[in-house]
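Written out below as structure tokens is the structure these notes cover.
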Amino acid sequence: MTLSVLCEKIGLPAEAAERVLRFPAVPDETLALLRTPEQWPLGRGALRAWLGPDPDGFGELAAHLQCALKTWEIYQKRNISEEIYIETMKCFTRFVNEHHESYGRYGFDRGFWTVRQLSAVLLRIGELEYEVRPDAIHLHIPSDAVLETPRLRQSWEAARAMLGDAPMVCHSWLLSPDLPGLLEADSRILAFQRNFTIHTPEPDDSFRQWVFKDPGCPDAQLPEDTRLQRRLKAFVLAGNTFHAAHGILNSDPFR
């Protein structure tokens with residue numbers, strides 16, 4: 001697989017793909033560090049030193065996509081399908097588009113996260129992402145996930161068949177104990193919550209990115225385009241603190 005083919009298969013916007021494809025090759029030893037979990041900090045530091053100023057993150061994006069070509073070799077050795085590989089690597093497209101949605105221009109600022117995909121410790125299997133750690137399998141909910149029970153069940157069953165029976169856990173704003181007071185009883189988000197034993201809520205402002213698409217927006221200027229935005233804005237303006245929470249997935253979920 002070539003870099004141009006990868007950009008096409010993951011649907012990277014043409015403007016972003018053009019910049020990625022004309023970027024020079026990053027040293028192999030730096031790319032190797034990016035796909036080795038124990039070396040992530042060292043790899044990101046080496047990449048920053050090699051790149052120099054990279055204000056919009058396209059140098060880092062190009063490096064990570066170059067590295068992703070090597071990640072495909074890991075998938076092949078583990079007999080993981082190209083479909084899962086491409087769906088996993090579409091995270092880059094999602095993050096570039098989210099940057100555009102937040103700031104009005106393409107950019108990349110998630111290199112701290114995508115080393116997980118490059119190291120093949122995080123896989124997109126259907127609607128959800130599964131990150132294999134020593135303690136458990138950590139679930140992540142991509143921003144484009146459709147939280148319909150049959151789709152979630154299919155994702156979970158495929159992940160269990162591939163990854164085994166380790167406990168599955170999740171830490172997310174979607175598990176917030178504040179949401180039942182803000183959403184209708186038949187909400188897909190609340191249906192998702194009911195598949196977890198939830199505990200240890202803690203203050204968290206990631207909802208600003210995921211609900212309002214602008215982490216730096218002042219409270220009074222938060223958009224009100226959706227019902228959740230309107231209710232969550234009123235919740236914040238009333239002086240309330242929003243929480244994320246940790247959850248343990250039930251043994252037979254999404255039924």
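Residues are named by chain letter and number: chains run A, B, ... in the order of the structure tokens, numbers start at 1 in each chain, and ligands are numbered from 1 in the order shown.
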
_Could you list, as a list in words, every residue within 7 Å of His140 in chain A, counting only C-alpha atoms and ignoring same-chain residues fewer than 2 positions away?_
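So, after excluding close chain neighbours, the residues are Leu128, Glu129, Tyr130, His138, Pro142 and Cys170 of chain A.
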
*Determine which residues of range 101-134 of chain A receive a DSSP assignment of strand (DSSP E or B), computed from the backbone, and state them as a list in words.*
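Assigned to strand (DSSP E or B), within range 101-134 of chain A: Leu122, Leu123, Arg124, Ile125, Leu128, Glu129, Tyr130, Glu131 and Val132 of chain A.
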
Okay, now the selection with all heavy atoms, as a compact mmCIF listing (two decimals), in the first residue's frame?
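Result went into out_20.txt, see below:
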# COMPACT_ATOMS: atom_id res chain seq x y z
N LEU A 122 -4.84 -0.08 19.55
CA LEU A 122 -6.21 0.41 19.50
C LEU A 122 -6.77 0.10 18.12
O LEU A 122 -6.20 0.51 17.11
CB LEU A 122 -6.26 1.91 19.79
CG LEU A 122 -7.63 2.56 19.96
CD1 LEU A 122 -7.53 3.83 20.79
CD2 LEU A 122 -8.30 2.88 18.63
N LEU A 123 -7.90 -0.61 18.10
CA LEU A 123 -8.53 -1.02 16.85
C LEU A 123 -9.95 -0.51 16.79
O LEU A 123 -10.68 -0.53 17.79
CB LEU A 123 -8.55 -2.56 16.74
CG LEU A 123 -7.23 -3.31 16.94
CD1 LEU A 123 -7.50 -4.81 16.90
CD2 LEU A 123 -6.21 -2.92 15.89
N ARG A 124 -10.37 -0.06 15.62
CA ARG A 124 -11.78 0.27 15.39
C ARG A 124 -12.46 -0.98 14.85
O ARG A 124 -12.15 -1.46 13.75
CB ARG A 124 -11.90 1.42 14.37
CG ARG A 124 -13.36 1.76 13.96
CD ARG A 124 -13.99 2.70 14.93
NE ARG A 124 -15.39 3.00 14.62
CZ ARG A 124 -15.84 4.17 14.15
NH1 ARG A 124 -14.98 5.15 13.89
NH2 ARG A 124 -17.11 4.39 13.95
N ILE A 125 -13.39 -1.51 15.63
CA ILE A 125 -14.11 -2.71 15.24
C ILE A 125 -15.59 -2.35 15.24
O ILE A 125 -16.21 -2.24 16.30
CB ILE A 125 -13.83 -3.89 16.19
CG1 ILE A 125 -12.32 -4.16 16.26
CG2 ILE A 125 -14.57 -5.14 15.74
CD1 ILE A 125 -11.93 -5.21 17.30
N LEU A 128 -17.24 0.90 17.68
CA LEU A 128 -16.41 1.28 18.82
C LEU A 128 -14.94 1.01 18.57
O LEU A 128 -14.57 0.22 17.69
CB LEU A 128 -16.87 0.53 20.07
CG LEU A 128 -18.33 0.74 20.49
CD1 LEU A 128 -18.66 -0.17 21.67
CD2 LEU A 128 -18.59 2.20 20.83
N GLU A 129 -14.10 1.66 19.38
CA GLU A 129 -12.67 1.41 19.37
C GLU A 129 -12.30 0.66 20.65
O GLU A 129 -12.85 0.92 21.72
CB GLU A 129 -11.88 2.73 19.31
CG GLU A 129 -12.06 3.48 17.99
CD GLU A 129 -11.36 4.81 17.99
OE1 GLU A 129 -11.29 5.45 19.07
OE2 GLU A 129 -10.89 5.23 16.93
N TYR A 130 -11.34 -0.25 20.51
CA TYR A 130 -10.92 -1.11 21.61
C TYR A 130 -9.41 -0.98 21.78
O TYR A 130 -8.64 -1.30 20.88
CB TYR A 130 -11.30 -2.56 21.33
CG TYR A 130 -12.79 -2.76 21.16
CD1 TYR A 130 -13.40 -2.52 19.93
CD2 TYR A 130 -13.59 -3.16 22.23
CE1 TYR A 130 -14.78 -2.68 19.76
CE2 TYR A 130 -14.96 -3.33 22.07
CZ TYR A 130 -15.54 -3.09 20.84
OH TYR A 130 -16.90 -3.24 20.67
N GLU A 131 -9.00 -0.48 22.94
CA GLU A 131 -7.58 -0.31 23.24
C GLU A 131 -7.15 -1.38 24.24
O GLU A 131 -7.66 -1.43 25.37
CB GLU A 131 -7.32 1.08 23.81
CG GLU A 131 -5.85 1.32 24.12
CD GLU A 131 -5.60 2.68 24.72
OE1 GLU A 131 -6.54 3.49 24.83
OE2 GLU A 131 -4.43 2.93 25.12
N VAL A 132 -6.22 -2.21 23.83
CA VAL A 132 -5.77 -3.31 24.68
C VAL A 132 -4.67 -2.81 25.60
O VAL A 132 -3.59 -2.41 25.15
CB VAL A 132 -5.26 -4.49 23.83
CG1 VAL A 132 -4.79 -5.63 24.73
CG2 VAL A 132 -6.37 -4.98 22.88

Check which residues of range 140-195 of chain A sit at most 10 Å from range 75-97 of chain A using only C-alpha atoms, and return one row each with the closest pair of atoms and their distance in Å to one decimal, ordered by chain and rising number, as a tab-separated table.
residue	atom	partner	partner_atom	distance
A:Pro142	CA	A:Cys91	CA	8.2
A:Ser143	CA	A:Arg94	CA	8.1
A:Asp144	CA	A:Arg94	CA	8.1
A:Met162	CA	A:Ile80	CA	8.8

Please, could you write that set of residues out with C-alpha atoms as a short mmCIF file (atom, residue, chain, number, x, y, z; two decimals), in the first residue's frame?
data_model
loop_
_atom_site.label_atom_id
_atom_site.label_comp_id
_atom_site.auth_asym_id
_atom_site.auth_seq_id
_atom_site.Cartn_x
_atom_site.Cartn_y
_atom_site.Cartn_z
CA PRO A 142 -15.53 7.71 18.13
CA SER A 143 -17.41 10.91 17.38
CA ASP A 144 -19.04 9.29 14.33
CA MET A 162 -10.72 -11.14 18.29
#

*Smallest atom-to-atom distance to Trp113 in chain A: which of A:Val236, A:Ile10, A:Leu61, A:Leu179, using only C-alpha atoms?*
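Of A:Val236, A:Ile10, A:Leu61, A:Leu179, the one nearest Trp113 in chain A, counting only C-alpha atoms, is A:Leu61.
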
*Could you write out, as an MDAnalysis selection string, all the residues of range 27-254 of chain A that DSSP marks as alpha helix (DSSP H)?*
chainID A and resid 28:34 40:51 58:77 82:103 111:118 149:163 188:193 207:210 227:237

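Computed from the coordinates, the CA of Asp225 in chain A to CA of Thr149 in chain A distance equals 25.6 Å.
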